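Remarks on the structure that follows.
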Amino acid sequence: MGSNRNPVPFSSDSKADSVLEYRCRRSEEAQAVFGPIAETFEEVLENLSDKPPEVAVRGDLSSLLGPHLEELPLPDGSRQSVEALKDPSTRVIFCGQQPALAGGPAIVLWKAFCTARLAQRLTAAGVPTVPLFWVADDDHDVGELRSGTHDGREVLANPFSEGRRMISRLRFATEEPERLAGILDSIDGGPFAGALQSLLQSTMAATPSDEFVRLLLALLPDSGLVPVRPGWLREAQQPILTRLLADPQGWQEAVSVATSFQRDRGLPAPVRSPSMLPIFWVDDEGARHRIFGDGGEFTIGSPGGEVITGDRLRKAPVEEPHRISPDALLRPIVQDGIFETSAVLLGPTELGYHLQIRLAYGFLGVRRPLLLPRPRMRPAASEDIDALTTLGLAGIGPSADLALLTPSPEGERLAGGLEDLLDGFIERIESLATDPLASDALRRRSLRLTRRWRQDAVKLKDAILRGYDKGPTDLRHRLEQLVGRVFAAGQEPERNTNILALWARLGPALWEVLSPAADHFDGRIRWVDLPEPIVAEMRKLDEQH
């Protein structure tokens, strides 16, 4: 089963994996950048046991969230979590994601499940912990709403057009019965389809944000998860915003230094040009606009946009809190500053954001939480996993070049022979760079030629392996079928497969099936064996369509 399978190695071609691999080295530099590194539950427990919350910083979270949570159908476990927040020794751990239609791809609720599971284990070990889910509906990227697919098509088409309005301000134009029928038709049955229909009927709402929160709680009723929405925290974020606006140049310097450090080491920095003001101005329609300027006067939306004075902007967190929305870099610091977060579960891109703001935490007087790469899982049929393992390809990814993985023996011999010839030739040219008789111009030219010819040699080898003697067509065809089943639409299953399609076939047992991959914080992907009945049904659907 999935718990006994080896994790998938990091990919040398993945920018996201480069951050995770750098962390896993546990070098002194990596620990200085990430802070304490924990990869197992035992390491997380040790770290959180030694760092109780700073009560004077955190304040009364129960009172902060309570009025908003009263309006939600909270399960008993979530109500107990809210009550636990009254205890100043209770740790808080976070994950978050934008709302998604129809529950979204599996990754969204998977992240929530892993966070809740970790909180439950910590609590059972004597460290009371509450899991919070940041519903990032301040975001205006409606592409994040996508539902994920089943049987090759989106479970629910995204009805919203691109713009700058926050997701929290969007409303459905379609009636609830129409959306419900569309979801059920796309999911196309399953042993738990009836139970899913009842669950969906009880969670329908007028806005995608409200509907997502209700579905989140309904699909994880025993998790103790507590949702948090940015709109609830406009007043609570005032102290951090006030410190930021008092010295925006200090913010930019802290972020720029950290960003340069990342890039110098080949680590991706998701925000290419960090803004001096990591906030948006929210207009009356709920649209977010960048703020430009660095002196006594600022403009909204563009350098030639609406003008606001520096005095008004600095007072806005207190006098107009509804106008200020943190961007992707500032948001984690606001979150951790309000909740005194003990740990946060992050995807690879989110880890990149956190590295960019690591120095800004100190600048704004906020303690950094323990950074944990979220567990990653790859659900598939056992026989498909076994077949890839037998072929020595258990570490394959969705972007693998199948032609390179199945070359003919003749092609491999030809490519190897040419590689040996070219290596000797290139090494001779490269030696000119250190030849005492060579001029500086010749040395520079030899280095340029060496780099270019090495790149060309790799391209030639790949071309031969792809195009010389297409003998092993049976193996290649078999591999194409395997990869097509495991990586539908050329994506990782967790990023593509709709969570409701899985729930309709496994019901509440879905989380038990996925759980073997939930307790690892090293960032590596774990295979998860799907039960045979769900595999058989999904293949039957493939044949029908």
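Letters A, B, ... mark the chains of the structure tokens in the order given; residue numbers begin at 1 per chain; ligand numbers begin at 1, in order shown.
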Select from range 72-254 of chain A everything DSSP, run on the backbone, classes as alpha helix (DSSP H), then give the selection as a PyMOL selection string.
chain A and resi 76-84+106-124+176-187+193-203+208-219+238-246+248-254
Considering only C-alpha atoms, return as an MDAnalysis selection string whatever protein or nucleic-acid residues lie within 7 Å of Ile308 in chain A, sequence-local ones (same chain, fewer than 6 positions apart) excluded.
chainID A and resid 297:299
May I have the selected residues written with C-alpha atoms, as a PDB file, in the first residue's frame?
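Final file, again11.pdb:
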```pdb
ATOM      1  CA  GLU A 297       1.274  61.499  -2.866  1.00  0.00           C
ATOM      2  CA  PHE A 298       0.117  58.158  -4.279  1.00  0.00           C
ATOM      3  CA  THR A 299      -1.973  56.989  -7.220  1.00  0.00           C
TER       4      THR A 299
END
```
Residues near Leu277 in chain A, cut-off 8 Å, only C-alpha atoms, skip fewer than 5 positions along chain, as an MDAnalysis selection string
chainID A and resid 245 248 252 291:292
How would the residues just picked look written out with N, CA and C atoms as a PDB file, in the first residue's frame?
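Done, and the output landed in selection-v5.pdb:
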```
ATOM      1  N   LEU A 245       3.392  51.100   6.711  1.00  0.00           N
ATOM      2  CA  LEU A 245       3.238  52.387   6.039  1.00  0.00           C
ATOM      3  C   LEU A 245       4.115  53.475   6.647  1.00  0.00           C
ATOM      4  N   PRO A 248       7.818  52.203   4.256  1.00  0.00           N
ATOM      5  CA  PRO A 248       7.716  51.253   3.139  1.00  0.00           C
ATOM      6  C   PRO A 248       9.065  50.939   2.499  1.00  0.00           C
ATOM      7  N   GLN A 252      10.703  47.219   1.453  1.00  0.00           N
ATOM      8  CA  GLN A 252      11.233  46.859   0.140  1.00  0.00           C
ATOM      9  C   GLN A 252      12.683  46.392   0.226  1.00  0.00           C
ATOM     10  N   ILE A 291      -1.072  50.272  -5.606  1.00  0.00           N
ATOM     11  CA  ILE A 291      -0.822  51.645  -5.177  1.00  0.00           C
ATOM     12  C   ILE A 291       0.588  52.023  -5.612  1.00  0.00           C
ATOM     13  N   PHE A 292       0.699  53.166  -6.318  1.00  0.00           N
ATOM     14  CA  PHE A 292       1.986  53.612  -6.844  1.00  0.00           C
ATOM     15  C   PHE A 292       2.416  54.903  -6.154  1.00  0.00           C
TER      16      PHE A 292
END
```
So that I can see what lies close to Leu414 in chain A, please list as a VMD selection string the residues with an atom at most 8 Å from it, counting only C-alpha atoms and leaving out residues fewer than 4 positions away in the same chain.
chain A and resid 410 418 464
Those residues with N, CA and C atoms, as a PDB file, in the first residue's frame please?
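As written to disk, part_25.pdb reads:
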```pdb
ATOM      1  N   GLU A 410      19.830   0.324 -30.563  1.00  0.00           N
ATOM      2  CA  GLU A 410      20.695   0.885 -31.608  1.00  0.00           C
ATOM      3  C   GLU A 410      20.877   2.382 -31.395  1.00  0.00           C
ATOM      4  N   LEU A 418      28.790   8.669 -30.052  1.00  0.00           N
ATOM      5  CA  LEU A 418      29.001  10.069 -30.410  1.00  0.00           C
ATOM      6  C   LEU A 418      29.300  10.914 -29.172  1.00  0.00           C
ATOM      7  N   ILE A 464      18.772  11.858 -31.064  1.00  0.00           N
ATOM      8  CA  ILE A 464      19.037  10.481 -31.508  1.00  0.00           C
ATOM      9  C   ILE A 464      18.154   9.504 -30.746  1.00  0.00           C
TER      10      ILE A 464
END
```
Check range 142-212 of chain A with DSSP on the backbone and list each residue it calls strand (DSSP E or B), as a ChimeraX atom specification.
/A:149-150,153-154,165
Selected residues, C-alpha atoms, written as a CSV table (one decimal), in the first residue's frame, please.
```csv
chain,number,residue,atom,x,y,z
A,149,THR,CA,-11.9,17.4,-13.6
A,150,HIS,CA,-13.5,14.0,-13.8
A,153,ARG,CA,-13.8,17.5,-18.2
A,154,GLU,CA,-14.3,20.2,-15.6
A,165,ARG,CA,-12.9,42.2,-8.1
```
Selection near Glu54 in chain A, 9 Å with only C-alpha atoms, sequence-local residues under 5 positions removed, as JSON, numbers by chain
{"A": [59, 88, 89, 340]}
Could you name the residues that touch Arg179 in chain A at 12 Å or less, counting only C-alpha atoms, but leaving out those on the same chain fewer than 5 positions away, as a PyMOL selection string?
chain A and resi 101-102+155-159+172-174+184-186+197+200-201+203-206+208+211
In Å, how far is it from CA of Pro332 in chain A to CA of His354 in chain A?
7.8 Å
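Distances from A:Val82, A:Pro7, A:Arg229, A:Ser325 to Glu70 in chain A were compared using only C-alpha atoms, and the smallest one belongs to A:Val82.
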Leaving out range 485-488 of chain A and any residue of its chain fewer than 2 positions from it, which residues lie within 9 Å of it when counting only C-alpha atoms, given as an NGL selection string?
:A and (151-152 or 378-381 or 384-385 or 397-398 or 480-483 or 490-493 or 496-497 or 539)
How close does range 116-178 of chain A get to range 515-518 of chain A? List, as JSON lines, each residue of range 116-178 of chain A within 12 Å, its nearest atom pair and the distance in Å to one decimal, counting only C-alpha atoms.
```
{"residue": "A:Ala116", "atom": "CA", "partner": "A:Ala518", "partner_atom": "CA", "distance": 10.2}
{"residue": "A:Arg117", "atom": "CA", "partner": "A:Ala518", "partner_atom": "CA", "distance": 7.8}
{"residue": "A:Leu118", "atom": "CA", "partner": "A:Ala518", "partner_atom": "CA", "distance": 8.5}
{"residue": "A:Arg121", "atom": "CA", "partner": "A:Ala518", "partner_atom": "CA", "distance": 11.6}
```
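If only C-alpha atoms are the atoms counted, then among A:Ser382, A:Ser63, A:Gln97, A:Asn47 the closest residue to Asp138 in chain A is A:Gln97.
Take CA of Leu329 in chain A and CA of Leu215 in chain A: the distance between them is 27.7 Å.
Nearest to Glu144 in chain A of all the residues A:Gly104, A:Pro373, A:Pro131, A:Pro436 is A:Gly104, counting only C-alpha atoms.
Among the candidates A:Ala489, A:Ile240, A:Met166, A:Ile107, the one nearest to Glu285 in chain A when counting only C-alpha atoms is A:Met166.
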